[in-house]
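**Q** My questions all concern the structure below.
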Amino acid sequence: MSTTLNLKLKVWRQESADDVGAFEYYDVAVADDASFLEMLDYVNEGLILDDREPIAFDHDCREGICGSCSLMIDGQAHGPQKGTATCQLFMRKFSDGDEIVVEPWRAAGFPLVKDLAVNRAAFDRIIEAGGYISVNTGAAPDANITLVPKEAADAAMDAAACIGCGACVAACPNSAGNLFTAAKLQHLNLLPQGQPERLARTEAMVEKMEEFFGSCTNHGECQEACPKEISVDFIAMMNRDYLKAKLANRKRSGQKKFG
Amino acid sequence: MALTLDSKTPEGPLADKWDKHKFDLKLVAPHNRRKFEVIVVGSGLAGAAAAASLGEAGYNVSVFTYHDSPRRAHSIAAQGGINGAKNYKNDGDSIQRLFYDTIKGGDYRSRESNVYRLAQSSVNIIDQATAQGVPFAREYGGLLDNRSFGGAQVSRTFYARGQTGQQLLLGAYQALARQIQLGTVTLYNRMDMQDVVVHDGRAVGITARDLLTGEISAHSAHAVLLATGGYGNVYFLSTNAKACNVTATWRAHKKGAAFANPCFTQIHPTCIPPADEFQSKLTLMSESLRNDGRIWVPSAMEETRAPGEIQDADRDYFLERKYPAFGNLVPRDVASRNAKIVVDEGRGVGSLKNGVYLDFADSIGRLGKETIKARYGNLFDMYERITGEDPYSVPMRIYPATHYTMGGLWVDYNLQTTVPGLFALGEANFSDHGANRLGASALMQGLADGYFVAPSTVAGYLSGLLGDAPVETSHEAFTSSLASTQDMVDQLVAIKGTKTPDHYHRELGKLVWDYCGMSRSKAGLETALSEIPALREEFWKEVKVLGSGNGFNQSLEKALRIADFMEMAELKVSDALHREESCGGHFREEHQTPEGEALRDDEDFAYVAAWEYGGPDIHKDSILNKEPLIFDNVKLSQRSYK
Ligand SMILES: Cc1cc2nc3c(=O)[nH]c(=O)nc-3n(C[C@H](O)[C@H](O)[C@H](O)COP(=O)(O)OP(=O)(O)OC[C@H]3O[C@@H](n4cnc5c(N)ncnc54)[C@H](O)[C@@H]3O)c2cc1C
Ligand code: SF4
Ligand code: FES
């Protein structure tokens with residue numbers, strides 16, 4: 001049986017990146033078996049009927065996999081539940097009478113779109129810089145021709161589980177994009193298929209990342225906030241690969257840079 | 001005007017058709033390819049794969065998606081796996097068997113030639129994805145692992161934990177990203193396609209609305225590919241992502257593309273039932289749970305005890321009782337319909353009496369909690385997160401939900417719609433799954449269409465246009481499309497009614513679910529046909545969209561989509577009413593065996609119903625065209641799971 005929670009929401013409203021934003025307050029009574037986003041849907045329905053514009057926020061799958069949803073909830077990226085994206089957070093994690101502060105991801109690399117929605121295109125640019133294995137359609141050999149040790153496949157999968165939500169950036173005091181970038185790099189760099197382009201990929205992606213995001217100073221907040229609990233160990237691996245890539249390039253100075 | 005539905009199926013033995021066809025298709029020489037503009041709408045498996053492959057080949061490709069990033073397409077959510085007839089397990093699988101299983105599973109309502117090609121391509125997909133670095137599950141020896149899925153008798157399903165769709169989509173997205181970097185593909189994100197532009201009987205481009213600025217722009221091309229997914233959200237509540245919609249295919253339909261078998265939708269038996277009126281979507285729990293869970297409801301309607309206190313004698317294991325051979329593992333449609341029967345009888349469980357139990361107590365007793373945890377730990381956690389109940393100690397509650405749409409734009413063997421130059425790929429077309437889709441086959445179809453079929457067949461079409469410049473966007477065909485799109489936006493914003501877009505979506509969903517869901521009757525469908533147009537009329541008078549058409553406006557995005565669902569729903573119901581038989585996911589109460597099983601009518605209904613748009617009074621104006629289905633290679637039989 002569900003119970004009703006009476007809550008006070010403090011929500012960031014901002015028309016666009018060029019406008020000044022401010023908090024607005026809303027009272028809401030909601031069943032504790034609603035999800036956090038359903039709670040916002042409900043608030044929005046009320047706002048519309050009241051002739052007030054609904055709160056803009058990104059979401060789609062509502063299953064914790066597409067990476068669309070975001071939100072800083074009481075200062076925590078994706079809210080209080082560990083290993084959980086906002087869309088998978090349910091109101092039973094809150095108590096009657098709570099005040100809940102809801103803000104967008106705040107990072108220079110993620111410009112604001114409206115209210116709680118931000119632009120995370122920087123992540124696409126990082127992938128475009130080298131987050132792939134270059135293989136044309138139809139050119140692939142039989143899938144079992146290359147044996148991949150189970151441990152490598154499993155570790156690659158751990159990294160590949162990243163949903164590209166940006167919580168790692170939002171949670172980081174420096175707005176660093178290292179966990180996201182490292183997750184993609186190590187997904188590919190841990191696999192035999194990823195070896196030929198390993199160093200070129202690492203260099204290109206890390207340098208693209210630096211165009212948008214701050215530097216990592218090993219706070220580890222990213223791993224805490226990550227809904228997929230991606231490990232910061234991948235960042236260490238990325239740093240090692242980056243160093244190797246730089247050395248390899250220095251040795252070849254005077255030659256064409258590879259990749 | 002009746003259409004001619006030429007399936008363009010090549011002559012010759014089934015196994016040789018695709019090779020022969022590829023040989024017969026005209027090619028475009030590499031140096032000529034960059035002279036062609038191709039628009040791909042959609043960046044799911046089908047769209048991303050097609051755009052990347054066409055870009056690699058050298059065409060100028062533009063990709064449109066309403067998502068902020070191509071990686072967020074709904075394909076990302078697929079869990080279970082993807083079929084591939086590799087026969088790595090040496091258990092008797094083959095292309096022929098995958099073909100046969102798909103035709104039979106589709107209840108003999110799909111086209112043999114397309115399905116065979118799909119089975120052939122499945123093998124290449126696994127190779128392609130593996131080379132891209134998709135981290136499929138492996139055995140200790142380093143070879144790829146397989147499992148059996150959705151009742152198949154062979155192990156042919158490849159998987160990446162419970163995130164197969166995510167990993168396959170990331171593979172395709174990364175291939176796409178590589179082409180974007182190389183400059184062969186231009187990405188238009190947060191762009192919502194509004195219309196297909198047709199000139200001289202050919203598709204020559206699209207118009208699209210920029211979701212950030214509200215600006216509507218025209219884009220010209222030699223060919224347009226729609227890979228825009230399915231229409232399951234016509235039910236409002238479904239397992240689809242919230243933004244999935246029918247706009248692209250429906251607007252194409254209004255521009256001349258026939259819509260095939262819209263009544264064929266798949267209902268998945270194992271979803272978490274809604275908890276209240278504000279439920280926004282339904283969550284799928286993997287089918288694999290039925291391997292170890294037992295499905296039951298109390299025998300008595302007035303049962304009030306907690307499940308653990310109900311003795312075995314007072315429980316009805318209705319699937320085991322009715323289908324002793326298959327028990328809890330009967331196909332999706334059979335499991336779903338039987339759950340509906342017991343819930344309708346008033347024997348449903350949970351506070352809203354809207355579910356059935358899926359009980360693991362016996363398996364936990366037999367195998368131990370640890371084994372069950374190892375098999376289903378993630379799913380159990382997800383269930384607990386959503387419902388707040390611990391499925392190790394209390395049985396899960398499940399209920400069927402809409403999951404996949406087999407119907408879609410009619411396409412020929414080339415995946416071309418009835419509008420030349422307009423192609424449809426993936427869930428957006430009707431082509432391969434007949435009246436019911438087998439588990440792990442949608443990912444396969446999206447990627448087969450995108451990586452292997454469209455790149456060849458689209459080239460065949462383009463070869464005939466060499467030397468033709470794309471139509472200028474200043475042409476009347478574009479300007480009139482821009483004007484009508486703007487007009488629709490302006491109208492919706494001007495209504496300033498009394499009810500929210502979601503209100504109308506929810507009301508429509510209830511009608512379609514009640515009358516055109518798991519079980520359909522003439523009387524029910526007729527009720528829906530009288531209520532849908534009335535609801536649509538009310539929507540256009542009373543919907544309340546705040547804000548303007550310029551700028552980011554999520555209510556407006558929704559309203560535009562709901563407007564199309566309101567029309568499409570009527571066609572879906574018309575189609576269900578006209579199909580006087582039961583097959584696959586389409587169960588007509590009038591057509592069942594004395595035991596309550598689906599009764600197909602091959603004599604009168606072994607055809608694809610391809611509807612042509614005839615005017616705004618959808619039920620009356622739509623024109624039915626039939627493509628007869630000819631089975632040269634399989635023998636039609638009634639399914640039996642007794
Ligand atoms: C929960 C769940 C689990 C599933 N599990 C499996 C499984 O295990 N195995 C399996 O084989 N299948 C599974 N399926 C089915 C499968 O995921 C889908 O059928 C398939 O991914 C559809 O791919 P697609 O490329 O056709 O479309 P989608 O992935 O839906 O992509 C549609 C694309 O079109 C774009 N788009 C749509 N309309 C417009 C427009 N008007 N303007 C611009 N862009 C537009 C969207 O932005 C998106 O990029 C599952 C489905 C669900 C819901
Ligand atoms: S690493 Fe984690 S927090 Fe960062 S984008 Fe990926 S899933 Fe989100
Ligand atoms: S809405 Fe998809 S991850 Fe939250």
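Ordered as shown in the structure tokens, chains take letters A, B, and onward, while each chain numbers its residues from 1 and ligands are numbered from 1 in the order shown.
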Would you list the residues that come within 7 Å of ligand 2? Count only C-alpha atoms and all ligand atoms and give the answer as an MDAnalysis selection string.
**A** chainID A and resid 67 162:169 179:180 183 222:223 225:230
**Q** Atoms to include: N, CA and C atoms. Write the selected residues as a tab-separated table (two decimals), in the first residue's frame.
**A**
```tsv
chain	number	residue	atom	x	y	z
A	67	GLY	N	20.62	7.27	-20.47
A	67	GLY	CA	21.49	8.36	-20.04
A	67	GLY	C	20.89	9.74	-20.26
A	162	CYS	N	28.87	2.34	-19.25
A	162	CYS	CA	28.61	3.78	-19.12
A	162	CYS	C	27.44	4.22	-19.98
A	163	ILE	N	26.54	5.03	-19.42
A	163	ILE	CA	25.36	5.46	-20.17
A	163	ILE	C	25.48	6.90	-20.68
A	164	GLY	N	26.63	7.51	-20.47
A	164	GLY	CA	26.83	8.85	-21.02
A	164	GLY	C	25.94	9.92	-20.42
A	165	CYS	N	25.65	9.80	-19.12
A	165	CYS	CA	24.70	10.72	-18.50
A	165	CYS	C	25.35	12.02	-18.08
A	166	GLY	N	26.65	11.98	-17.75
A	166	GLY	CA	27.33	13.19	-17.32
A	166	GLY	C	27.34	13.45	-15.83
A	167	ALA	N	26.83	12.50	-15.04
A	167	ALA	CA	26.84	12.69	-13.58
A	167	ALA	C	28.26	12.84	-13.05
A	168	CYS	N	29.19	12.14	-13.70
A	168	CYS	CA	30.58	12.20	-13.25
A	168	CYS	C	31.11	13.63	-13.35
A	169	VAL	N	30.76	14.30	-14.43
A	169	VAL	CA	31.19	15.69	-14.62
A	169	VAL	C	30.50	16.59	-13.60
A	179	LEU	N	36.04	10.31	-16.12
A	179	LEU	CA	35.46	8.97	-15.94
A	179	LEU	C	34.74	8.54	-17.22
A	180	PHE	N	34.00	9.44	-17.81
A	180	PHE	CA	33.32	9.13	-19.07
A	180	PHE	C	34.33	8.73	-20.14
A	183	ALA	N	36.09	5.46	-19.44
A	183	ALA	CA	35.22	4.29	-19.59
A	183	ALA	C	35.20	3.85	-21.05
A	222	CYS	N	33.26	11.25	-8.87
A	222	CYS	CA	32.62	10.73	-10.09
A	222	CYS	C	32.13	9.31	-9.87
A	223	GLN	N	32.98	8.47	-9.32
A	223	GLN	CA	32.61	7.07	-9.11
A	223	GLN	C	31.43	6.98	-8.14
A	225	ALA	N	29.06	9.12	-7.78
A	225	ALA	CA	27.82	9.60	-8.40
A	225	ALA	C	27.37	8.72	-9.55
A	226	CYS	N	28.28	7.93	-10.09
A	226	CYS	CA	27.98	7.21	-11.34
A	226	CYS	C	26.87	6.18	-11.14
A	227	PRO	N	25.82	6.27	-11.92
A	227	PRO	CA	24.71	5.32	-11.77
A	227	PRO	C	25.11	3.90	-12.16
A	228	LYS	N	26.18	3.75	-12.91
A	228	LYS	CA	26.63	2.42	-13.32
A	228	LYS	C	27.86	1.99	-12.51
A	229	GLU	N	28.21	2.79	-11.52
A	229	GLU	CA	29.34	2.49	-10.63
A	229	GLU	C	30.61	2.14	-11.41
A	230	ILE	N	30.88	2.92	-12.44
A	230	ILE	CA	32.11	2.76	-13.22
A	230	ILE	C	33.29	3.10	-12.30
```
**Q** When you get a sec, could you note down which chain B residues fall within 7 Å of chain A, using only C-alpha atoms, as a VMD selection string?
**A** chain B and resid 53 56 69 72 74 76 to 77 126 to 128 130 to 133 135 138 to 144 174 to 175 177 to 178 180 to 181 241 to 243 278 to 280 351 386 to 387 451 498 500 546 to 547 554
**Q** Quick one: write out the picked residues with C-alpha atoms as an mmCIF file, in the first residue's frame?
**A**
```
data_model
loop_
_atom_site.group_PDB
_atom_site.id
_atom_site.type_symbol
_atom_site.label_atom_id
_atom_site.label_comp_id
_atom_site.auth_asym_id
_atom_site.auth_seq_id
_atom_site.Cartn_x
_atom_site.Cartn_y
_atom_site.Cartn_z
ATOM 1 C CA SER B 53 27.525 2.162 -43.798
ATOM 2 C CA GLU B 56 31.653 4.667 -45.425
ATOM 3 C CA SER B 69 22.739 12.291 -28.852
ATOM 4 C CA ARG B 72 20.019 7.612 -26.689
ATOM 5 C CA HIS B 74 15.276 3.497 -27.836
ATOM 6 C CA ILE B 76 19.585 1.206 -26.098
ATOM 7 C CA ALA B 77 17.024 -0.391 -23.780
ATOM 8 C CA ILE B 126 27.593 -11.034 -35.169
ATOM 9 C CA ASP B 127 30.906 -10.748 -37.056
ATOM 10 C CA GLN B 128 30.455 -7.019 -37.614
ATOM 11 C CA THR B 130 32.354 -8.324 -32.624
ATOM 12 C CA ALA B 131 34.892 -6.562 -34.841
ATOM 13 C CA GLN B 132 33.542 -3.223 -33.583
ATOM 14 C CA GLY B 133 34.310 -4.278 -30.036
ATOM 15 C CA PRO B 135 31.670 -7.018 -25.565
ATOM 16 C CA ARG B 138 32.375 -15.171 -23.617
ATOM 17 C CA GLU B 139 33.120 -18.676 -22.414
ATOM 18 C CA TYR B 140 36.260 -19.401 -20.433
ATOM 19 C CA GLY B 141 38.062 -20.531 -23.584
ATOM 20 C CA GLY B 142 37.547 -17.087 -25.093
ATOM 21 C CA LEU B 143 34.839 -18.088 -27.574
ATOM 22 C CA LEU B 144 31.478 -16.363 -27.776
ATOM 23 C CA GLN B 174 30.612 4.615 -32.692
ATOM 24 C CA ALA B 175 30.758 3.577 -36.347
ATOM 25 C CA ALA B 177 30.775 8.856 -34.909
ATOM 26 C CA ARG B 178 33.734 7.752 -37.017
ATOM 27 C CA ILE B 180 30.950 12.153 -38.610
ATOM 28 C CA GLN B 181 34.615 12.718 -37.831
ATOM 29 C CA ALA B 241 10.964 4.939 -24.083
ATOM 30 C CA LYS B 242 8.744 7.948 -23.396
ATOM 31 C CA ALA B 243 9.510 9.792 -26.608
ATOM 32 C CA PHE B 278 0.376 8.633 -12.608
ATOM 33 C CA GLN B 279 2.416 5.714 -13.780
ATOM 34 C CA SER B 280 4.380 6.973 -16.767
ATOM 35 C CA SER B 351 -3.735 -3.736 -4.213
ATOM 36 C CA ILE B 386 10.510 -0.117 -8.389
ATOM 37 C CA THR B 387 7.972 -1.853 -6.158
ATOM 38 C CA TYR B 451 24.257 -2.655 -42.241
ATOM 39 C CA THR B 498 -8.258 23.130 -20.504
ATOM 40 C CA THR B 500 -2.837 18.752 -20.715
ATOM 41 C CA LEU B 546 1.694 26.713 -22.894
ATOM 42 C CA GLY B 547 4.603 28.703 -24.247
ATOM 43 C CA GLN B 554 8.417 19.824 -24.410
#
```
**Q** Could you give me the residues within stretch 130-163 of chain A that DSSP places in alpha helix (DSSP H), as an NGL selection string?
**A** :A and (150-160)
**Q** With N, CA and C atoms retained, write the just-selected residues as a PDB file, in the first residue's frame.
**A**
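Output (selection16.pdb):
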```pdb
ATOM      1  N   LYS A 150      37.918 -14.335 -21.224  1.00  0.00           N
ATOM      2  CA  LYS A 150      36.683 -13.933 -20.567  1.00  0.00           C
ATOM      3  C   LYS A 150      36.909 -12.727 -19.646  1.00  0.00           C
ATOM      4  N   GLU A 151      38.069 -12.725 -18.955  1.00  0.00           N
ATOM      5  CA  GLU A 151      38.346 -11.622 -18.018  1.00  0.00           C
ATOM      6  C   GLU A 151      38.422 -10.294 -18.770  1.00  0.00           C
ATOM      7  N   ALA A 152      39.027 -10.316 -19.958  1.00  0.00           N
ATOM      8  CA  ALA A 152      39.142  -9.078 -20.737  1.00  0.00           C
ATOM      9  C   ALA A 152      37.765  -8.633 -21.205  1.00  0.00           C
ATOM     10  N   ALA A 153      36.974  -9.601 -21.678  1.00  0.00           N
ATOM     11  CA  ALA A 153      35.633  -9.259 -22.159  1.00  0.00           C
ATOM     12  C   ALA A 153      34.802  -8.697 -21.009  1.00  0.00           C
ATOM     13  N   ASP A 154      34.921  -9.311 -19.826  1.00  0.00           N
ATOM     14  CA  ASP A 154      34.138  -8.842 -18.681  1.00  0.00           C
ATOM     15  C   ASP A 154      34.571  -7.449 -18.242  1.00  0.00           C
ATOM     16  N   ALA A 155      35.877  -7.213 -18.215  1.00  0.00           N
ATOM     17  CA  ALA A 155      36.353  -5.891 -17.804  1.00  0.00           C
ATOM     18  C   ALA A 155      35.947  -4.834 -18.829  1.00  0.00           C
ATOM     19  N   ALA A 156      36.029  -5.194 -20.108  1.00  0.00           N
ATOM     20  CA  ALA A 156      35.605  -4.260 -21.155  1.00  0.00           C
ATOM     21  C   ALA A 156      34.128  -3.932 -20.978  1.00  0.00           C
ATOM     22  N   MET A 157      33.351  -4.944 -20.649  1.00  0.00           N
ATOM     23  CA  MET A 157      31.912  -4.724 -20.448  1.00  0.00           C
ATOM     24  C   MET A 157      31.661  -3.819 -19.239  1.00  0.00           C
ATOM     25  N   ASP A 158      32.435  -3.992 -18.179  1.00  0.00           N
ATOM     26  CA  ASP A 158      32.282  -3.116 -17.011  1.00  0.00           C
ATOM     27  C   ASP A 158      32.424  -1.655 -17.432  1.00  0.00           C
ATOM     28  N   ALA A 159      33.405  -1.398 -18.296  1.00  0.00           N
ATOM     29  CA  ALA A 159      33.641  -0.026 -18.736  1.00  0.00           C
ATOM     30  C   ALA A 159      32.562   0.417 -19.726  1.00  0.00           C
ATOM     31  N   ALA A 160      32.169  -0.525 -20.593  1.00  0.00           N
ATOM     32  CA  ALA A 160      31.209  -0.186 -21.649  1.00  0.00           C
ATOM     33  C   ALA A 160      29.818   0.092 -21.109  1.00  0.00           C
TER      34      ALA A 160
END
```
**Q** Could you tell me how far atom 51 (C, counted along the ligand's line) of ligand 1 sits from atom CA of B:Phe236, in Å to one decimal place?
**A**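 Interatomic distance here is 15.2 Å.
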**Q** Please identify all protein, DNA and RNA residues within 7 Å of ligand 1, counting only C-alpha atoms and all ligand atoms, and report them as number ranges by chain.
**A** B: 41-47, 64-67, 70, 72-82, 164-165, 191-194, 227-230, 239-241, 244-248, 283-284, 403-404, 425-428, 439-444, 446
**Q** Residues at most 8 Å from B:Thr270, counting only C-alpha atoms, excluding those fewer than 5 positions away in the same chain, as a short mmCIF file (atom, residue, chain, number, x, y, z; two decimals) with N, CA and C atoms, in the first residue's frame?
**A**
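Dumped everything to selection-v1.cif:
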```
data_model
loop_
_atom_site.label_atom_id
_atom_site.label_comp_id
_atom_site.auth_asym_id
_atom_site.auth_seq_id
_atom_site.Cartn_x
_atom_site.Cartn_y
_atom_site.Cartn_z
N LEU B 284 9.87 -3.67 -18.29
CA LEU B 284 9.94 -5.05 -18.71
C LEU B 284 10.85 -5.82 -17.75
N MET B 285 10.44 -7.01 -17.39
CA MET B 285 11.32 -7.91 -16.66
C MET B 285 11.64 -9.04 -17.63
N SER B 286 12.89 -9.40 -17.75
CA SER B 286 13.27 -10.36 -18.78
C SER B 286 12.43 -11.62 -18.73
N GLU B 287 12.14 -12.09 -19.94
CA GLU B 287 11.41 -13.31 -20.13
C GLU B 287 12.06 -14.51 -19.45
N ILE B 398 3.38 -9.58 -11.79
CA ILE B 398 3.65 -9.21 -13.18
C ILE B 398 2.34 -9.05 -13.94
N TYR B 399 2.41 -8.32 -15.04
CA TYR B 399 1.26 -8.21 -15.93
C TYR B 399 1.77 -7.84 -17.32
N PRO B 400 1.05 -8.24 -18.36
CA PRO B 400 1.52 -7.95 -19.71
C PRO B 400 1.51 -6.46 -20.04
N ALA B 401 2.40 -6.07 -20.93
CA ALA B 401 2.44 -4.69 -21.41
C ALA B 401 2.89 -4.67 -22.87
#
```
**Q** Using only C-alpha atoms, which protein or nucleic acid residues come within 12 Å of B:Asp632? Drop anything in the same chain fewer than 4 positions from it, and give the result as an NGL selection string.
**A** :B and (12-14 or 108 or 111-113 or 636)
**Q** Work out how far apart atom CA of B:Glu542 and atom CA of B:Lys499 are and give it in Å to one decimal.
**A**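 Taking atom CA of B:Glu542 and atom CA of B:Lys499, their separation equals 6.1 Å.
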**Q** Write out as an mmCIF file with N, CA and C atoms, in the first residue's frame each polymer residue whose atoms come within 10 Å of A:Thr217, counting only C-alpha atoms; drop sequence neighbours fewer than 3 positions from it.
**A**
```
data_model
loop_
_atom_site.group_PDB
_atom_site.id
_atom_site.type_symbol
_atom_site.label_atom_id
_atom_site.label_comp_id
_atom_site.auth_asym_id
_atom_site.auth_seq_id
_atom_site.Cartn_x
_atom_site.Cartn_y
_atom_site.Cartn_z
ATOM 1 N N CYS A 172 31.913 16.293 -10.093
ATOM 2 C CA CYS A 172 33.329 16.603 -9.906
ATOM 3 C C CYS A 172 33.543 18.074 -9.556
ATOM 4 N N PRO A 173 34.324 18.360 -8.508
ATOM 5 C CA PRO A 173 34.583 19.766 -8.156
ATOM 6 C C PRO A 173 35.266 20.521 -9.304
ATOM 7 N N ASN A 174 35.963 19.800 -10.189
ATOM 8 C CA ASN A 174 36.652 20.454 -11.311
ATOM 9 C C ASN A 174 35.892 20.309 -12.619
ATOM 10 N N ALA A 176 35.487 17.647 -14.341
ATOM 11 C CA ALA A 176 36.338 16.861 -15.238
ATOM 12 C C ALA A 176 35.512 15.789 -15.933
ATOM 13 N N GLY A 214 37.355 20.234 -17.171
ATOM 14 C CA GLY A 214 38.460 20.561 -16.282
ATOM 15 C C GLY A 214 39.372 19.365 -16.029
ATOM 16 N N GLY A 220 37.500 11.444 -6.801
ATOM 17 C CA GLY A 220 36.706 10.205 -6.758
ATOM 18 C C GLY A 220 35.207 10.428 -6.623
#
```
**Q** Within 6 Å of B:Gly293, counting only C-alpha atoms, which residues show up once you throw out same-chain ones fewer than 6 positions away? Write them as a PyMOL selection string, please.
**A** chain B and resi 358-360
**Q** Between atom CA of B:Glu567 and atom CA of B:Ala203, measure the distance and give it in Å to one decimal.
**A**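 Those two atoms sit 22.4 Å apart.
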